[in-house]
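A.B. asks: If it helps, the file is called protein.txt and holds compact mmCIF, C-alpha atoms:
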# COMPACT_ATOMS: atom_id res chain seq x y z
CA MET A 1 144.71 98.87 79.95
CA ILE A 2 146.23 101.32 82.43
CA VAL A 3 145.51 101.29 86.15
CA LEU A 4 145.20 104.87 87.41
CA THR A 5 144.41 104.31 91.06
CA LYS A 6 144.23 101.21 93.17
CA ASP A 7 143.25 100.42 96.72
CA THR A 8 141.93 97.51 98.71
CA MET A 9 139.16 97.16 101.26
CA GLN A 10 138.62 94.28 103.64
CA ILE A 11 135.00 93.20 103.94
CA LEU A 12 134.63 91.15 107.08
CA ARG A 13 131.36 92.29 108.63
CA GLU A 14 128.03 93.55 107.38
CA GLN A 15 128.88 97.01 108.70
CA ASP A 16 131.71 97.20 106.17
CA VAL A 17 129.22 97.19 103.31
CA VAL A 18 127.96 100.79 103.52
CA PRO A 19 131.47 102.36 103.63
CA PHE A 20 132.43 100.08 100.76
CA ARG A 21 129.46 101.22 98.66
CA ASN A 22 130.35 104.84 99.46
CA ARG A 23 133.94 104.24 98.35
CA VAL A 24 132.73 102.80 95.04
CA ARG A 25 130.49 105.82 94.58
CA GLU A 26 133.45 108.17 95.18
CA LEU A 27 135.37 106.46 92.38
CA THR A 28 132.45 106.64 89.94
CA VAL A 29 131.96 110.33 90.74
CA LYS A 30 135.69 110.94 90.27
CA ILE A 31 135.56 109.74 86.66
CA GLY A 32 132.26 111.50 85.98
CA MET A 33 130.06 108.45 85.53
CA SER A 34 126.34 109.11 85.01
CA LEU A 35 123.97 108.52 87.91
CA VAL A 36 122.33 105.50 86.27
CA ASN A 37 125.71 103.86 85.64
CA GLN A 38 126.81 104.68 89.19
CA THR A 39 123.68 103.03 90.55
CA LYS A 40 124.11 99.93 88.38
CA LEU A 41 127.72 99.43 89.40
CA ILE A 42 127.09 100.00 93.11
CA THR A 43 124.09 97.66 93.06
CA ALA A 44 126.15 94.95 91.36
CA ALA A 45 128.93 95.53 93.90
CA SER A 46 126.40 95.26 96.71
CA GLU A 47 125.22 91.86 95.43
CA LEU A 48 128.76 90.53 95.13
CA VAL A 49 129.90 91.78 98.50
CA ARG A 50 126.86 90.14 100.12
CA ASN A 51 127.74 86.83 98.47
CA MET A 52 131.24 87.18 99.83
CA LEU A 53 129.98 87.76 103.36
CA ARG A 54 127.32 85.07 103.23
CA TYR A 55 129.19 82.24 101.59
CA ALA A 56 132.84 82.95 102.40
CA ASN A 57 132.75 84.90 105.68
CA GLY A 58 134.10 87.91 103.87
CA GLY A 59 137.13 88.71 101.80
CA LYS A 60 138.71 91.68 100.12
CA VAL A 61 137.83 93.96 97.26
CA ILE A 62 140.37 95.65 94.99
CA LEU A 63 139.03 98.97 93.74
CA GLU A 64 140.65 100.50 90.68
CA ILE A 65 140.14 103.31 88.24
CA ILE A 66 141.31 102.07 84.87
CA SER A 67 141.70 103.52 81.44
CA LYS A 68 141.53 101.84 78.03
CA SER A 69 141.62 103.59 74.67
CA ALA A 70 140.85 106.98 76.20
CA GLN A 71 137.88 105.65 78.15
CA SER A 72 137.95 105.46 81.92
CA GLY A 73 136.14 102.98 84.08
CA VAL A 74 135.94 101.39 87.51
CA ARG A 75 137.13 97.85 88.04
CA LEU A 76 136.23 95.95 91.19
CA THR A 77 137.73 92.58 92.03
CA PHE A 78 136.14 90.53 94.80
CA VAL A 79 138.50 87.94 96.24
CA ASP A 80 137.48 85.43 98.87
CA GLU A 81 138.91 82.23 100.25
CA GLY A 82 135.57 80.58 100.86
CA PRO A 83 134.40 77.12 99.80
CA GLY A 84 134.25 78.09 96.12
CA ILE A 85 131.52 77.24 93.63
CA SER A 86 131.37 73.75 92.19
CA ASP A 87 128.98 74.45 89.32
CA LEU A 88 129.54 77.95 87.94
CA LYS A 89 127.07 77.48 85.11
CA GLN A 90 124.32 76.70 87.59
CA ALA A 91 125.35 79.57 89.89
CA MET A 92 125.01 82.01 86.99
CA GLN A 93 121.40 80.99 86.32
CA ASP A 94 118.58 83.28 87.36
CA GLY A 95 116.73 81.95 90.36
CA PHE A 96 119.34 79.45 91.48
CA SER A 97 120.47 79.74 95.07
CA THR A 98 122.01 77.43 97.61
CA GLY A 99 121.04 79.98 100.26
CA LYS A 100 117.58 81.37 100.79
CA SER A 101 117.91 84.31 98.43
CA LEU A 102 116.13 85.03 95.17
CA GLY A 103 119.13 83.78 93.21
CA LEU A 104 119.54 87.07 91.37
CA GLY A 105 122.91 88.06 92.83
CA LEU A 106 125.42 86.69 90.31
CA PRO A 107 123.35 86.78 87.10
CA GLY A 108 121.83 90.15 88.10
CA ALA A 109 125.25 91.65 88.83
CA LYS A 110 126.47 90.41 85.44
CA ARG A 111 123.57 92.12 83.67
CA LEU A 112 124.27 95.41 85.44
CA VAL A 113 127.90 95.88 84.42
CA ASN A 114 129.85 96.08 81.15
CA GLU A 115 132.34 93.33 81.90
CA PHE A 116 132.08 90.38 84.25
CA ASP A 117 134.43 87.54 84.96
CA ILE A 118 134.23 84.82 87.60
CA LYS A 119 136.78 82.23 88.61
CA SER A 120 136.04 79.64 91.23
CA ALA A 121 136.74 76.07 92.17
CA PRO A 122 135.77 74.02 95.24
CA GLY A 123 138.28 74.67 98.01
CA GLU A 124 139.99 77.47 96.13
CA GLY A 125 137.74 80.42 96.84
CA THR A 126 136.06 82.72 94.36
CA THR A 127 137.26 85.75 92.42
CA VAL A 128 134.77 87.98 90.64
CA MET A 129 135.89 90.90 88.49
CA ILE A 130 133.51 93.56 87.20
CA ILE A 131 134.15 96.65 85.09
CA HIS A 132 131.83 99.51 84.32
CA TRP A 133 133.01 102.11 81.81
CA LYS A 134 132.24 105.78 82.16
CA HIS A 135 130.17 105.72 78.99
CA GLY A 136 128.98 102.14 79.28
CA ARG A 137 125.28 101.66 78.62
CA MET B 1 121.04 99.20 117.51
CA GLU B 2 120.06 101.58 114.72
CA ARG B 3 116.38 101.56 113.83
CA ILE B 4 114.22 103.28 111.26
CA PRO B 5 111.35 105.22 112.84
CA ILE B 6 107.78 104.28 111.98
CA LEU B 7 105.16 107.04 112.26
CA LYS B 8 101.45 106.43 112.76
CA LEU B 9 99.24 108.70 110.69
CA GLY B 10 95.57 107.86 111.24
CA PRO B 11 94.99 104.39 109.80
CA PHE B 12 98.39 104.40 108.08
CA LEU B 13 101.99 103.77 109.01
CA LEU B 14 104.60 106.00 107.41
CA VAL B 15 108.25 105.04 107.04
CA THR B 16 110.80 107.36 105.50
CA ILE B 17 114.11 105.66 104.86
CA GLN B 18 116.75 108.38 105.08
CA ILE B 19 119.89 106.32 105.19
CA ASP B 20 121.57 103.61 103.17
CA LEU B 21 120.24 100.30 104.32
CA TYR B 22 122.35 97.35 105.20
CA ASP B 23 120.84 93.92 105.60
CA ARG B 24 120.37 93.88 109.36
CA LEU B 25 118.66 97.26 109.32
CA ALA B 26 116.29 96.17 106.55
CA LEU B 27 115.42 92.99 108.46
CA ASN B 28 114.73 95.01 111.61
CA LEU B 29 112.46 97.31 109.63
CA GLU B 30 110.52 94.34 108.27
CA ASN B 31 110.08 93.02 111.78
CA ASP B 32 109.17 96.37 113.36
CA LEU B 33 106.68 97.20 110.63
CA ILE B 34 104.78 93.95 110.86
CA THR B 35 104.67 94.26 114.65
CA MET B 36 103.32 97.80 114.30
CA VAL B 37 100.69 96.75 111.76
CA SER B 38 99.47 94.20 114.24
CA LYS B 39 99.62 96.55 117.24
CA THR B 40 97.89 99.51 115.59
CA SER B 41 95.59 97.60 113.20
CA ALA B 42 96.93 99.87 110.46
CA LYS B 43 95.19 99.58 107.12
CA GLY B 44 98.06 100.85 105.05
CA VAL B 45 101.84 101.09 105.06
CA LEU B 46 103.62 103.83 103.13
CA ILE B 47 107.36 103.44 102.56
CA ASP B 48 109.21 106.46 101.20
CA ILE B 49 112.48 105.46 99.55
CA SER B 50 113.22 108.79 97.85
CA ALA B 51 116.47 109.12 99.80
CA VAL B 52 117.58 105.58 99.04
CA ASN B 53 120.31 105.37 96.39
CA ILE B 54 120.65 101.63 96.18
CA VAL B 55 118.02 98.89 96.16
CA ASP B 56 119.62 95.53 95.57
CA SER B 57 118.01 92.09 95.46
CA PHE B 58 118.00 91.72 99.24
CA MET B 59 116.39 95.08 99.87
CA GLY B 60 113.92 94.38 97.05
CA ARG B 61 113.02 91.09 98.64
CA ILE B 62 112.43 92.83 101.98
CA LEU B 63 110.05 95.32 100.31
CA GLY B 64 108.19 92.41 98.73
CA ASN B 65 108.07 90.58 102.07
CA ILE B 66 106.68 93.62 103.86
CA ALA B 67 103.94 93.92 101.23
CA SER B 68 102.98 90.22 101.44
CA MET B 69 103.09 90.10 105.23
CA SER B 70 101.07 93.30 105.55
CA ARG B 71 98.48 91.96 103.13
CA ILE B 72 98.02 88.87 105.29
CA MET B 73 97.50 91.27 108.19
CA ASP B 74 94.89 93.18 106.17
CA ALA B 75 97.04 96.19 105.29
CA GLU B 76 98.15 97.45 101.87
CA THR B 77 101.70 98.61 101.17
CA VAL B 78 102.72 101.42 98.85
CA VAL B 79 106.35 102.20 98.08
CA VAL B 80 106.90 105.79 96.96
CA GLY B 81 109.64 108.04 95.64
CA MET B 82 111.83 105.53 93.87
CA GLN B 83 114.66 107.30 92.06
CA PRO B 84 114.68 106.71 88.28
CA ALA B 85 118.20 105.25 88.40
CA VAL B 86 117.06 102.80 91.07
CA ALA B 87 114.03 101.75 88.98
CA ILE B 88 116.21 101.15 85.90
CA THR B 89 118.68 99.13 87.95
CA LEU B 90 116.00 97.04 89.66
CA VAL B 91 114.45 95.95 86.38
CA GLU B 92 117.82 95.05 84.88
CA LEU B 93 118.71 93.17 88.00
CA GLY B 94 115.57 91.11 87.36
CA LEU B 95 113.47 92.34 90.26
CA THR B 96 110.00 93.59 89.41
CA LEU B 97 108.64 94.04 92.96
CA GLN B 98 105.54 92.03 92.16
CA GLY B 99 102.69 92.63 94.55
CA VAL B 100 104.13 95.94 95.74
CA HIS B 101 102.07 99.02 94.90
CA THR B 102 104.11 102.06 93.95
CA ALA B 103 103.45 105.77 93.60
CA LEU B 104 105.61 108.69 92.57
CA ASN B 105 105.59 110.57 95.86
CA VAL B 106 104.18 110.52 99.39
CA GLU B 107 101.12 112.58 98.43
CA LYS B 108 100.15 110.27 95.56
CA GLY B 109 100.93 107.26 97.72
CA MET B 110 98.57 108.48 100.43
CA GLU B 111 95.84 109.01 97.83
CA LEU B 112 96.38 105.50 96.53
CA LEU B 113 96.19 103.99 100.02
CA GLN B 114 93.06 105.99 100.79
CA LYS B 115 91.46 104.80 97.55
CA MET B 116 92.29 101.16 98.26
CA ILE B 117 90.83 101.42 101.74
CA ASP B 118 87.71 103.24 100.50
CA LEU B 119 87.19 100.43 98.01
CA GLN B 120 87.39 97.85 100.78
CA TYR B 121 85.49 99.60 103.52
CA GLY B 122 83.55 102.33 101.70
CA SER B 123 81.49 99.77 99.83
CA LEU B 124 80.95 97.83 103.04
CA ASP B 125 79.51 100.92 104.77
CA GLU B 126 77.08 101.45 101.90
CA ASP B 127 75.95 97.84 102.11
CA GLU B 128 75.32 98.22 105.80
CA GLU B 129 73.23 101.32 105.22
CA GLU B 130 71.24 99.73 102.45
CA GLU B 131 70.67 96.37 104.04
CA PRO B 132 68.26 97.47 106.78
CA ASP B 133 66.19 99.24 104.12
CA ASP B 134 66.02 96.07 102.08
CA ARG B 135 64.84 94.11 105.07
CA THR B 136 62.07 96.53 106.01
CA ASP B 137 60.89 96.38 102.40
Turn this file's structure into structure tokens for me.

C.D. replies:
Amino acid sequence: MIVLTKDTMQILREQDVVPFRNRVRELTVKIGMSLVNQTKLITAASELVRNMLRYANGGKVILEIISKSAQSGVRLTFVDEGPGISDLKQAMQDGFSTGKSLGLGLPGAKRLVNEFDIKSAPGEGTTVMIIHWKHGR
Amino acid sequence: MERIPILKLGPFLLVTIQIDLYDRLALNLENDLITMVSKTSAKGVLIDISAVNIVDSFMGRILGNIASMSRIMDAETVVVGMQPAVAITLVELGLTLQGVHTALNVEKGMELLQKMIDLQYGSLDEDEEEEPDDRTD
């Protein structure tokens, strides 16, 4: 896998969310992703960035354009230093929430993108990585 | 603070969302709309989201909340103009907007609202006209 471009955005306040979503859209447009795929990726990113703000008081996102076997894609990595998640299996279930949300954030985001990886432990923060390929479904 | 304007059109309230929503703005809209329904005794709320590129679980929940709250206040809600990419994404995310009426565009949405109100009040008017006749008979 080759990283073509890379930058980082700090997400510390709710007002950072709209510019962040716009930045993600710019990257998807740059690689010529279809509108449906753009929308799926940005919606997933929106869910994850909200989690970061709500549960960890913010964090940073690494935005990359990557390439693998002649296919390009966008990879987003959400890194926070919040309390972490003690039961990942439970957190990935539809309808589970420790907040007051619908509990669709994590499992919904996973369904919307081609690749999804989450690492978290209590006291060690949470890192979520998602990839959507240009020609992903 | 930024606010989304709410227009009064006869017995209806019309909201056209022209910008990308962040959470605070969506919450304000929910609040403002319900206050307006109460103030104006509106019978219907029409929300045009044709310019909205992203509806995530939070925004979806707000739309559902507006519909439920309005219903309690005796008003129906119709959401119109959803972009196809947004619809595809919402369903994959796991959000079906239960209890929210939808229509393709503002015109069809208005027709739908009118029909729902005619059903509620049109039949009532007929009853009132007929009842005196029944009594005299």

A.B. asks: Using all atoms listed in the file, what residues lie at most 7 Å away from (133.7, 97.5, 88.8) (file coordinates), given as a list in words?

C.D. replies: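 Within the cut-off we find Leu41, Val74, Arg75, Leu76, Met129, Ile130, Ile131 and His132 of chain A.
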
A.B. asks: Please return as a list in words every residue within 12 Å of (137.0, 104.1, 75.4), taking into account all atoms listed in the file and the file's own coordinates.

C.D. replies: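 Final list of nearby residues, as requested, is Met1, Ile2, Ile66, Ser67, Lys68, Ser69, Ala70, Gln71, Ser72, Gly73, His132, Trp133, Lys134, His135 and Gly136 of chain A.
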
A.B. asks: Show me, as CSV, the residues of chain B having an atom within 9 Å of chain A, each with the closest atom pair and its distance in Å, using all atoms listed in the file.

C.D. replies:
residue,atom,partner,partner_atom,distance
B:Asp20,CA,A:Val18,CA,7.0
B:Leu21,CA,A:Val18,CA,7.8
B:Tyr22,CA,A:Val18,CA,6.8
B:Asp23,CA,A:Glu14,CA,7.4
B:Arg24,CA,A:Glu14,CA,7.9
B:Asn53,CA,A:Thr39,CA,7.1
B:Ile54,CA,A:Thr43,CA,6.1
B:Val55,CA,A:Thr43,CA,6.9
B:Asp56,CA,A:Thr43,CA,5.6
B:Ser57,CA,A:Leu104,CA,6.7
B:Phe58,CA,A:Ser101,CA,7.5
B:Arg61,CA,A:Leu102,CA,7.6
B:Pro84,CA,A:Val36,CA,8.0
B:Ala85,CA,A:Val36,CA,4.7
B:Val86,CA,A:Thr39,CA,6.6
B:Ile88,CA,A:Val36,CA,7.5
B:Thr89,CA,A:Lys40,CA,5.5
B:Leu90,CA,A:Lys40,CA,8.7
B:Glu92,CA,A:Leu112,CA,6.5
B:Leu93,CA,A:Gly108,CA,4.3
B:Gly94,CA,A:Gly108,CA,6.4
B:Leu95,CA,A:Leu104,CA,8.1

A.B. asks: To one decimal place in Å, what is the distance between CA of Leu113 in chain B and CA of Val78 in chain B?

C.D. replies: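 Pair CA of Leu113 in chain B / CA of Val78 in chain B returns 7.1 Å.
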
A.B. asks: Identify which of the residues A:Thr127, A:Thr98, A:Ala121, A:Leu27 lies closest to Glu64 in chain A, counting all atoms listed in the file when measuring atom-to-atom distances.

C.D. replies: A:Leu27

A.B. asks: As an exercise, work out the distance from CA of Ile62 in chain A to CA of Thr8 in chain A in Å and give it to one decimal place.

C.D. replies: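 Separation between CA of Ile62 in chain A and CA of Thr8 in chain A: 4.4 Å.
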
A.B. asks: Go through A:Glu124, A:Arg54, A:Val49, A:Ser97 one by one, measure the shortest atom-to-atom distance of each to Gly84 in chain A using all atoms listed in the file, and give the residue with the smallest value.

C.D. replies: A:Glu124

A.B. asks: Find the distance between CA of Met59 in chain B and CA of Asp7 in chain A and write it in Å to one decimal.

C.D. replies: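 It comes out at 27.6 Å.
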
A.B. asks: Find, counting only C-alpha atoms, the residue in B:Met110, B:Ile17, B:Met73, B:Ile62 that gets nearest to Glu30 in chain B.

C.D. replies: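 Using only C-alpha atoms, Glu30 in chain B sits closest to B:Ile62.
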
A.B. asks: May I have the residues within 8 Å of Gly99 in chain B as a list of chain:residue names, using all atoms listed in the file and disregarding those fewer than 2 positions away in the same chain?

C.D. replies: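 Here the qualifying residues turn out to be B:Gly64, B:Ala67, B:Ser68, B:Leu97, B:His101.
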
A.B. asks: Please reconstruct the missing atoms of range 6-40 of chain A (target: N, CA and C atoms) and return them as a PDB file, in the frame of the given file.

C.D. replies:
ATOM      1  N   LYS A   6     144.534 102.543  92.671  1.00  0.00           N
ATOM      2  CA  LYS A   6     144.230 101.210  93.170  1.00  0.00           C
ATOM      3  C   LYS A   6     144.224 101.218  94.692  1.00  0.00           C
ATOM      4  N   ASP A   7     143.182 100.695  95.286  1.00  0.00           N
ATOM      5  CA  ASP A   7     143.250 100.420  96.720  1.00  0.00           C
ATOM      6  C   ASP A   7     142.416  99.199  97.072  1.00  0.00           C
ATOM      7  N   THR A   8     142.562  98.763  98.294  1.00  0.00           N
ATOM      8  CA  THR A   8     141.930  97.510  98.710  1.00  0.00           C
ATOM      9  C   THR A   8     141.113  97.742  99.968  1.00  0.00           C
ATOM     10  N   MET A   9     139.966  97.093 100.038  1.00  0.00           N
ATOM     11  CA  MET A   9     139.160  97.160 101.260  1.00  0.00           C
ATOM     12  C   MET A   9     138.860  95.753 101.741  1.00  0.00           C
ATOM     13  N   GLN A  10     139.000  95.563 103.042  1.00  0.00           N
ATOM     14  CA  GLN A  10     138.620  94.280 103.640  1.00  0.00           C
ATOM     15  C   GLN A  10     137.127  94.331 103.958  1.00  0.00           C
ATOM     16  N   ILE A  11     136.419  93.279 103.600  1.00  0.00           N
ATOM     17  CA  ILE A  11     135.000  93.200 103.940  1.00  0.00           C
ATOM     18  C   ILE A  11     134.823  91.996 104.856  1.00  0.00           C
ATOM     19  N   LEU A  12     134.698  92.264 106.138  1.00  0.00           N
ATOM     20  CA  LEU A  12     134.630  91.150 107.080  1.00  0.00           C
ATOM     21  C   LEU A  12     133.309  91.098 107.838  1.00  0.00           C
ATOM     22  N   ARG A  13     132.637  92.235 107.909  1.00  0.00           N
ATOM     23  CA  ARG A  13     131.360  92.290 108.630  1.00  0.00           C
ATOM     24  C   ARG A  13     130.354  93.048 107.787  1.00  0.00           C
ATOM     25  N   GLU A  14     129.084  92.871 108.130  1.00  0.00           N
ATOM     26  CA  GLU A  14     128.030  93.550 107.380  1.00  0.00           C
ATOM     27  C   GLU A  14     128.185  95.067 107.431  1.00  0.00           C
ATOM     28  N   GLN A  15     128.721  95.555 108.558  1.00  0.00           N
ATOM     29  CA  GLN A  15     128.880  97.010 108.700  1.00  0.00           C
ATOM     30  C   GLN A  15     129.903  97.584 107.728  1.00  0.00           C
ATOM     31  N   ASP A  16     130.721  96.712 107.126  1.00  0.00           N
ATOM     32  CA  ASP A  16     131.710  97.200 106.170  1.00  0.00           C
ATOM     33  C   ASP A  16     131.082  97.525 104.821  1.00  0.00           C
ATOM     34  N   VAL A  17     129.827  97.089 104.627  1.00  0.00           N
ATOM     35  CA  VAL A  17     129.220  97.190 103.310  1.00  0.00           C
ATOM     36  C   VAL A  17     128.896  98.644 102.914  1.00  0.00           C
ATOM     37  N   VAL A  18     128.329  99.410 103.856  1.00  0.00           N
ATOM     38  CA  VAL A  18     127.960 100.790 103.520  1.00  0.00           C
ATOM     39  C   VAL A  18     129.195 101.648 103.185  1.00  0.00           C
ATOM     40  N   PRO A  19     130.262 101.613 104.025  1.00  0.00           N
ATOM     41  CA  PRO A  19     131.470 102.360 103.630  1.00  0.00           C
ATOM     42  C   PRO A  19     132.040 101.891 102.292  1.00  0.00           C
ATOM     43  N   PHE A  20     131.935 100.604 102.040  1.00  0.00           N
ATOM     44  CA  PHE A  20     132.430 100.080 100.760  1.00  0.00           C
ATOM     45  C   PHE A  20     131.636 100.668  99.591  1.00  0.00           C
ATOM     46  N   ARG A  21     130.295 100.656  99.724  1.00  0.00           N
ATOM     47  CA  ARG A  21     129.460 101.220  98.660  1.00  0.00           C
ATOM     48  C   ARG A  21     129.786 102.699  98.451  1.00  0.00           C
ATOM     49  N   ASN A  22     130.023 103.420  99.566  1.00  0.00           N
ATOM     50  CA  ASN A  22     130.350 104.840  99.460  1.00  0.00           C
ATOM     51  C   ASN A  22     131.681 105.047  98.724  1.00  0.00           C
ATOM     52  N   ARG A  23     132.623 104.156  99.012  1.00  0.00           N
ATOM     53  CA  ARG A  23     133.940 104.240  98.350  1.00  0.00           C
ATOM     54  C   ARG A  23     133.787 104.035  96.852  1.00  0.00           C
ATOM     55  N   VAL A  24     132.954 103.056  96.467  1.00  0.00           N
ATOM     56  CA  VAL A  24     132.730 102.800  95.040  1.00  0.00           C
ATOM     57  C   VAL A  24     132.083 104.038  94.407  1.00  0.00           C
ATOM     58  N   ARG A  25     131.142 104.638  95.133  1.00  0.00           N
ATOM     59  CA  ARG A  25     130.490 105.820  94.580  1.00  0.00           C
ATOM     60  C   ARG A  25     131.508 106.954  94.355  1.00  0.00           C
ATOM     61  N   GLU A  26     132.412 107.133  95.330  1.00  0.00           N
ATOM     62  CA  GLU A  26     133.450 108.170  95.180  1.00  0.00           C
ATOM     63  C   GLU A  26     134.229 107.980  93.878  1.00  0.00           C
ATOM     64  N   LEU A  27     134.586 106.720  93.596  1.00  0.00           N
ATOM     65  CA  LEU A  27     135.370 106.460  92.380  1.00  0.00           C
ATOM     66  C   LEU A  27     134.561 106.775  91.125  1.00  0.00           C
ATOM     67  N   THR A  28     133.276 106.404  91.130  1.00  0.00           N
ATOM     68  CA  THR A  28     132.450 106.640  89.940  1.00  0.00           C
ATOM     69  C   THR A  28     132.255 108.145  89.725  1.00  0.00           C
ATOM     70  N   VAL A  29     132.133 108.880  90.840  1.00  0.00           N
ATOM     71  CA  VAL A  29     131.960 110.330  90.740  1.00  0.00           C
ATOM     72  C   VAL A  29     133.258 110.958  90.207  1.00  0.00           C
ATOM     73  N   LYS A  30     134.379 110.422  90.662  1.00  0.00           N
ATOM     74  CA  LYS A  30     135.690 110.940  90.270  1.00  0.00           C
ATOM     75  C   LYS A  30     135.872 110.896  88.743  1.00  0.00           C
ATOM     76  N   ILE A  31     135.375 109.826  88.117  1.00  0.00           N
ATOM     77  CA  ILE A  31     135.560 109.740  86.660  1.00  0.00           C
ATOM     78  C   ILE A  31     134.356 110.296  85.902  1.00  0.00           C
ATOM     79  N   GLY A  32     133.393 110.848  86.630  1.00  0.00           N
ATOM     80  CA  GLY A  32     132.260 111.500  85.980  1.00  0.00           C
ATOM     81  C   GLY A  32     131.230 110.563  85.388  1.00  0.00           C
ATOM     82  N   MET A  33     131.043 109.414  86.018  1.00  0.00           N
ATOM     83  CA  MET A  33     130.060 108.450  85.530  1.00  0.00           C
ATOM     84  C   MET A  33     128.636 108.963  85.763  1.00  0.00           C
ATOM     85  N   SER A  34     127.721 108.650  84.858  1.00  0.00           N
ATOM     86  CA  SER A  34     126.340 109.110  85.010  1.00  0.00           C
ATOM     87  C   SER A  34     125.690 108.421  86.220  1.00  0.00           C
ATOM     88  N   LEU A  35     124.623 109.044  86.714  1.00  0.00           N
ATOM     89  CA  LEU A  35     123.970 108.520  87.910  1.00  0.00           C
ATOM     90  C   LEU A  35     123.433 107.100  87.708  1.00  0.00           C
ATOM     91  N   VAL A  36     122.871 106.840  86.521  1.00  0.00           N
ATOM     92  CA  VAL A  36     122.330 105.500  86.270  1.00  0.00           C
ATOM     93  C   VAL A  36     123.458 104.463  86.297  1.00  0.00           C
ATOM     94  N   ASN A  37     124.589 104.795  85.640  1.00  0.00           N
ATOM     95  CA  ASN A  37     125.710 103.860  85.640  1.00  0.00           C
ATOM     96  C   ASN A  37     126.303 103.673  87.034  1.00  0.00           C
ATOM     97  N   GLN A  38     126.358 104.771  87.787  1.00  0.00           N
ATOM     98  CA  GLN A  38     126.810 104.680  89.190  1.00  0.00           C
ATOM     99  C   GLN A  38     125.949 103.673  89.945  1.00  0.00           C
ATOM    100  N   THR A  39     124.638 103.858  89.802  1.00  0.00           N
ATOM    101  CA  THR A  39     123.680 103.030  90.550  1.00  0.00           C
ATOM    102  C   THR A  39     123.807 101.561  90.151  1.00  0.00           C
ATOM    103  N   LYS A  40     123.963 101.319  88.840  1.00  0.00           N
ATOM    104  CA  LYS A  40     124.110  99.930  88.380  1.00  0.00           C
ATOM    105  C   LYS A  40     125.350  99.285  88.969  1.00  0.00           C
TER     106      LYS A  40
END
